[in-house]
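Below is one structure, written out as structure tokens, with a few remarks after it.
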Amino acid sequence: AAKTVMAKEVAAAMQGKEWDTSALQLGLQALPKDVPLAPDVPGGMAEFRSSLAASFLYKFFVHASLKLPADAPAAAILVPQVAMEEHSAAAAYSRGPNRGLQYTEIKEGAVEGGAGTSLMHCSADLQVQCKTKRIGGGFGGKETRSVFLCCAAAVPAYLLQRSVRLCLDRDEDMMSTGQRHAFVAKYKVACTAEGKLLGLHSDFYNNAGNSLDLSHSIMDRCLFHCDNSYKWPNLRAVSAAAGGSDGLHAALVFSEKPHAKLLSVDAAEALAMEGVAGFFSAKDVPGGNDIGPVLHDEQVFATDTVTCVGQVIGVVVAETEQQARSAALAVKVTYEELPAIMSIEEAIEAESFYSHPMAVHKLECGNVDACFASPEAAHVLEGDMRVGGQEHFYLEPNCCVVTPVEGDEITMVASTQCPMKHQKSVAHALGLPMNK
């Protein structure tokens with residue numbers, strides 16, 4: 001797995017030397033000791049990876065050589081001159097949005113709208129349209145969790161009247177979408193001396209996380225299948241949710257604490273950085289900050305408390321993706337940490353359950369208590385079962401582009417399976433009717 005290493009050998013080789021190309025050569029010679037890559041290294045491409053590490057060191061050398069004269073003019077004479085064609089090595093890499101075109105062949109003599117020609121449905125302009133290249137998925141990650149991404153991008157797009165593109169990298173995507181759905185089950189089974197099944201009682205605890213989201217649907221499916229292929233004359237199953245383009249580019253400011261009060265959010269340093277167009281948080285939401293796929297028990301941006309790592313506190317928008325990401329890291333958040341529940345077992349012990357009626361489900365037939373007390377129940381077995389949570393690891397991380405158009409209308413392009421939920425939630429967050 002990838003990891004960060006301190007280049008101690010490189011530092012030792014260059015320390016105390018005059019800052020020139022000879023010092024760079026000493027560093028490059030020492031680099032293989034810090035990043036040793038055998039020809040048969042796992043993952044292969046040892047020569048390429050060694051060259052890549054060397055290029056990072058050279059990039060640092062060029063960046064420092066260009067930066068030092070500005071920071072310390074008196075030392076400018078000591079800094080080696082870098083050729084103009086090599087200045088680009090110090091620039092941050094910025095990749096623009098992918099673009100593509102679709103061509104439809106028009107055959108000579110073909111009747112417009114006839115067979116073999118492209119024809120748009122008459123009602124297409126009146127409907128919500130979703131265009132995406134779906135090449136992978138984790139259950140539910142693009143059904144509801146991508147809604148929050150669109151809402152976060154829609155706020156600055158609407159207020160600045162500029163298109164905003166927001167794309168999560170793999171780590172951000174997995175952190176912000178969370179897991180689905182860890183379970184702990186406690187069961188009790190009664191059977192006759194011959195092994196005939198008499199009764200089953202099961203308590204299922206679902207780790208719903210910091211909001212109920214679609215956990216009620218998952219608990220229903222759990223109860224529907226809990227009897228498996230067996231016929232139970234006496235059955236009781238209970239489930240409970242335990243909690244604990246030419247436009248701008250956006251980057252999110254995430255919570256780093258599982259449960260904490262927000263004492264302050266200081267974006268002054270970020271706003272002063274090159275290319276930054278603005279920072280937006282809960283106070284800037286023009287409509288409702290409360291959203292959710294079923295219950296409005298989540299927020300576009302956290303207000304005074306965060307309840308999970310990865311909860312969105314604010315969004316930075318800038319001219320390039322790299323500028324936005326750098327500025328997001330410069331936003332200073334001060335927390336007051338609060339007790340956090342980190343597992344289903346801790347939630348059960350603390351009796352931390354969602355109180356909404358949708359969060360407690362029950363399925364029952366026969367008389368389970370009488371079954372267990374019956375002398376016919378020669379054997380009673382009890383135990384626990386655990387099912388781990390599913391990580392969302394679809395091949396295409398969540399991404400969206402939100403563009404304001406005429407008459408307060410908003411156009412969204414998002415990697416989602418539920419465009420209607422995006423339409424409803426973004427309209428609520430912006431205080432606009434859904435037909436906008």
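Ligands are numbered from 1 in the order shown, chains are lettered A, B, ... in the order of the structure tokens, and residues start at 1 in each chain.
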
Exercise. Give the strand (DSSP E) residues of segment 155-396 of chain A, as DSSP finds them on the backbone, and put them as a PyMOL selection string.
Key: chain A and resi 164-167+179-180+183-191+197-209+234-243+248-254+260-266+276-280+290-291+298-299+305-306+312-318+332-337+360-365+379-387+390-391

With only C-alpha atoms counted and 10 Å as the cut-off, give the residues of segment 331-390 of chain A in contact with segment 279-302 of chain A, each with its shortest interatomic distance in Å and the pair that gives it, as a tab-separated table.
residue	atom	partner	partner_atom	distance
A:Val331	CA	A:Phe279	CA	9.1
A:His356	CA	A:Leu295	CA	9.5
A:Met358	CA	A:Leu295	CA	9.5

Quiz item: Given the choices A:Ala240, A:Asp304, A:Val253, A:Val41, which gets closest to Glu351 of chain A if the distance is worked out from only C-alpha atoms?
Solution: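 The closest residue to Glu351 of chain A is A:Ala240.
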
Practice problem: Select, from A:Leu381, A:Leu262, A:Ala12, A:Leu197, the residue with the minimum atom-to-atom distance to Thr305 of chain A, counting only C-alpha atoms. | Solution: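 Closest residue, counting only C-alpha atoms: A:Leu262.
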
Practice problem: Write out as a PyMOL selection string all residues of segment 29-72 of chain A that DSSP puts in helix (DSSP H, G or I) for this structure's backbone. | Solution: chain A and resi 29-34+46-71

Could those selected residues go to a file with N, CA and C atoms, as an mmCIF file, in the first residue's frame?
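Result went into result-v5.cif, see below:
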data_model
loop_
_atom_site.group_PDB
_atom_site.id
_atom_site.type_symbol
_atom_site.label_atom_id
_atom_site.label_comp_id
_atom_site.auth_asym_id
_atom_site.auth_seq_id
_atom_site.Cartn_x
_atom_site.Cartn_y
_atom_site.Cartn_z
ATOM 1 N N GLN A 29 21.465 11.049 -5.859
ATOM 2 C CA GLN A 29 22.265 9.846 -5.624
ATOM 3 C C GLN A 29 21.851 9.130 -4.341
ATOM 4 N N ALA A 30 21.389 9.914 -3.343
ATOM 5 C CA ALA A 30 20.976 9.317 -2.060
ATOM 6 C C ALA A 30 19.546 8.806 -2.081
ATOM 7 N N LEU A 31 18.750 9.243 -3.066
ATOM 8 C CA LEU A 31 17.322 8.907 -3.101
ATOM 9 C C LEU A 31 17.035 7.408 -3.098
ATOM 10 N N PRO A 32 17.765 6.570 -3.848
ATOM 11 C CA PRO A 32 17.465 5.131 -3.839
ATOM 12 C C PRO A 32 17.569 4.495 -2.452
ATOM 13 N N LYS A 33 18.339 5.113 -1.537
ATOM 14 C CA LYS A 33 18.429 4.562 -0.175
ATOM 15 C C LYS A 33 17.135 4.813 0.596
ATOM 16 N N ASP A 34 16.470 5.937 0.286
ATOM 17 C CA ASP A 34 15.191 6.235 0.949
ATOM 18 C C ASP A 34 14.023 5.526 0.284
ATOM 19 N N ALA A 46 9.332 -0.725 -11.547
ATOM 20 C CA ALA A 46 10.320 -0.193 -10.611
ATOM 21 C C ALA A 46 11.075 1.001 -11.208
ATOM 22 N N GLU A 47 11.450 0.902 -12.496
ATOM 23 C CA GLU A 47 12.212 1.988 -13.123
ATOM 24 C C GLU A 47 11.373 3.260 -13.221
ATOM 25 N N PHE A 48 10.106 3.104 -13.610
ATOM 26 C CA PHE A 48 9.227 4.275 -13.712
ATOM 27 C C PHE A 48 9.019 4.912 -12.342
ATOM 28 N N ARG A 49 8.784 4.082 -11.324
ATOM 29 C CA ARG A 49 8.519 4.622 -9.992
ATOM 30 C C ARG A 49 9.757 5.310 -9.410
ATOM 31 N N SER A 50 10.934 4.796 -9.716
ATOM 32 C CA SER A 50 12.167 5.454 -9.277
ATOM 33 C C SER A 50 12.323 6.806 -9.963
ATOM 34 N N SER A 51 12.006 6.851 -11.264
ATOM 35 C CA SER A 51 12.077 8.120 -12.002
ATOM 36 C C SER A 51 11.061 9.122 -11.457
ATOM 37 N N LEU A 52 9.894 8.626 -11.077
ATOM 38 C CA LEU A 52 8.861 9.499 -10.533
ATOM 39 C C LEU A 52 9.322 10.128 -9.218
ATOM 40 N N ALA A 53 9.945 9.325 -8.349
ATOM 41 C CA ALA A 53 10.453 9.859 -7.082
ATOM 42 C C ALA A 53 11.532 10.916 -7.334
ATOM 43 N N ALA A 54 12.402 10.650 -8.306
ATOM 44 C CA ALA A 54 13.447 11.625 -8.653
ATOM 45 C C ALA A 54 12.843 12.911 -9.197
ATOM 46 N N SER A 55 11.755 12.784 -9.968
ATOM 47 C CA SER A 55 11.116 13.980 -10.533
ATOM 48 C C SER A 55 10.494 14.839 -9.425
ATOM 49 N N PHE A 56 10.004 14.196 -8.355
ATOM 50 C CA PHE A 56 9.463 14.964 -7.225
ATOM 51 C C PHE A 56 10.569 15.789 -6.560
ATOM 52 N N LEU A 57 11.748 15.185 -6.414
ATOM 53 C CA LEU A 57 12.863 15.913 -5.813
ATOM 54 C C LEU A 57 13.276 17.083 -6.709
ATOM 55 N N TYR A 58 13.314 16.837 -8.027
ATOM 56 C CA TYR A 58 13.669 17.915 -8.954
ATOM 57 C C TYR A 58 12.610 19.020 -8.923
ATOM 58 N N LYS A 59 11.354 18.651 -8.833
ATOM 59 C CA LYS A 59 10.266 19.625 -8.753
ATOM 60 C C LYS A 59 10.443 20.515 -7.519
ATOM 61 N N PHE A 60 10.823 19.900 -6.392
ATOM 62 C CA PHE A 60 11.076 20.665 -5.164
ATOM 63 C C PHE A 60 12.261 21.615 -5.354
ATOM 64 N N PHE A 61 13.307 21.137 -6.023
ATOM 65 C CA PHE A 61 14.496 21.972 -6.241
ATOM 66 C C PHE A 61 14.147 23.213 -7.075
ATOM 67 N N VAL A 62 13.378 23.020 -8.149
ATOM 68 C CA VAL A 62 12.998 24.146 -9.002
ATOM 69 C C VAL A 62 12.083 25.103 -8.245
ATOM 70 N N HIS A 63 11.119 24.555 -7.520
ATOM 71 C CA HIS A 63 10.186 25.393 -6.764
ATOM 72 C C HIS A 63 10.939 26.254 -5.742
ATOM 73 N N ALA A 64 11.861 25.643 -4.998
ATOM 74 C CA ALA A 64 12.619 26.384 -3.987
ATOM 75 C C ALA A 64 13.525 27.430 -4.636
ATOM 76 N N SER A 65 14.121 27.090 -5.777
ATOM 77 C CA SER A 65 15.014 28.019 -6.463
ATOM 78 C C SER A 65 14.270 29.257 -6.958
ATOM 79 N N LEU A 66 13.008 29.104 -7.343
ATOM 80 C CA LEU A 66 12.213 30.233 -7.801
ATOM 81 C C LEU A 66 11.607 31.016 -6.645
ATOM 82 N N LYS A 67 11.364 30.321 -5.539
ATOM 83 C CA LYS A 67 10.695 30.949 -4.401
ATOM 84 C C LYS A 67 11.662 31.712 -3.507
ATOM 85 N N LEU A 68 12.880 31.224 -3.344
ATOM 86 C CA LEU A 68 13.836 31.834 -2.417
ATOM 87 C C LEU A 68 14.147 33.300 -2.731
ATOM 88 N N PRO A 69 14.390 33.694 -3.982
ATOM 89 C CA PRO A 69 14.676 35.104 -4.248
ATOM 90 C C PRO A 69 13.544 36.040 -3.832
ATOM 91 N N ALA A 70 12.300 35.579 -3.954
ATOM 92 C CA ALA A 70 11.163 36.411 -3.555
ATOM 93 C C ALA A 70 11.054 36.514 -2.045
ATOM 94 N N ASP A 71 11.335 35.400 -1.344
ATOM 95 C CA ASP A 71 11.218 35.393 0.116
ATOM 96 C C ASP A 71 12.428 36.016 0.791
#

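Residue nearest Val402 of chain A within the list A:Gln322, A:Asn228, A:Gln423, A:Ser343: A:Gln423 [criterion: smallest interatomic distance, only C-alpha atoms].
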
Quiz item: How many Å lie between atom CA of Ala340 of chain A and atom CA of Val265 of chain A, rounded to one decimal?
Solution: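 Interatomic distance, atom CA of Ala340 of chain A to atom CA of Val265 of chain A: 21.2 Å.
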
Self-check item: Pairwise distance for atom CA of Ala152 of chain A and atom CA of Glu337 of chain A, rounded to one decimal in Å
Solution: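 Distance between the two atoms: 24.7 Å.
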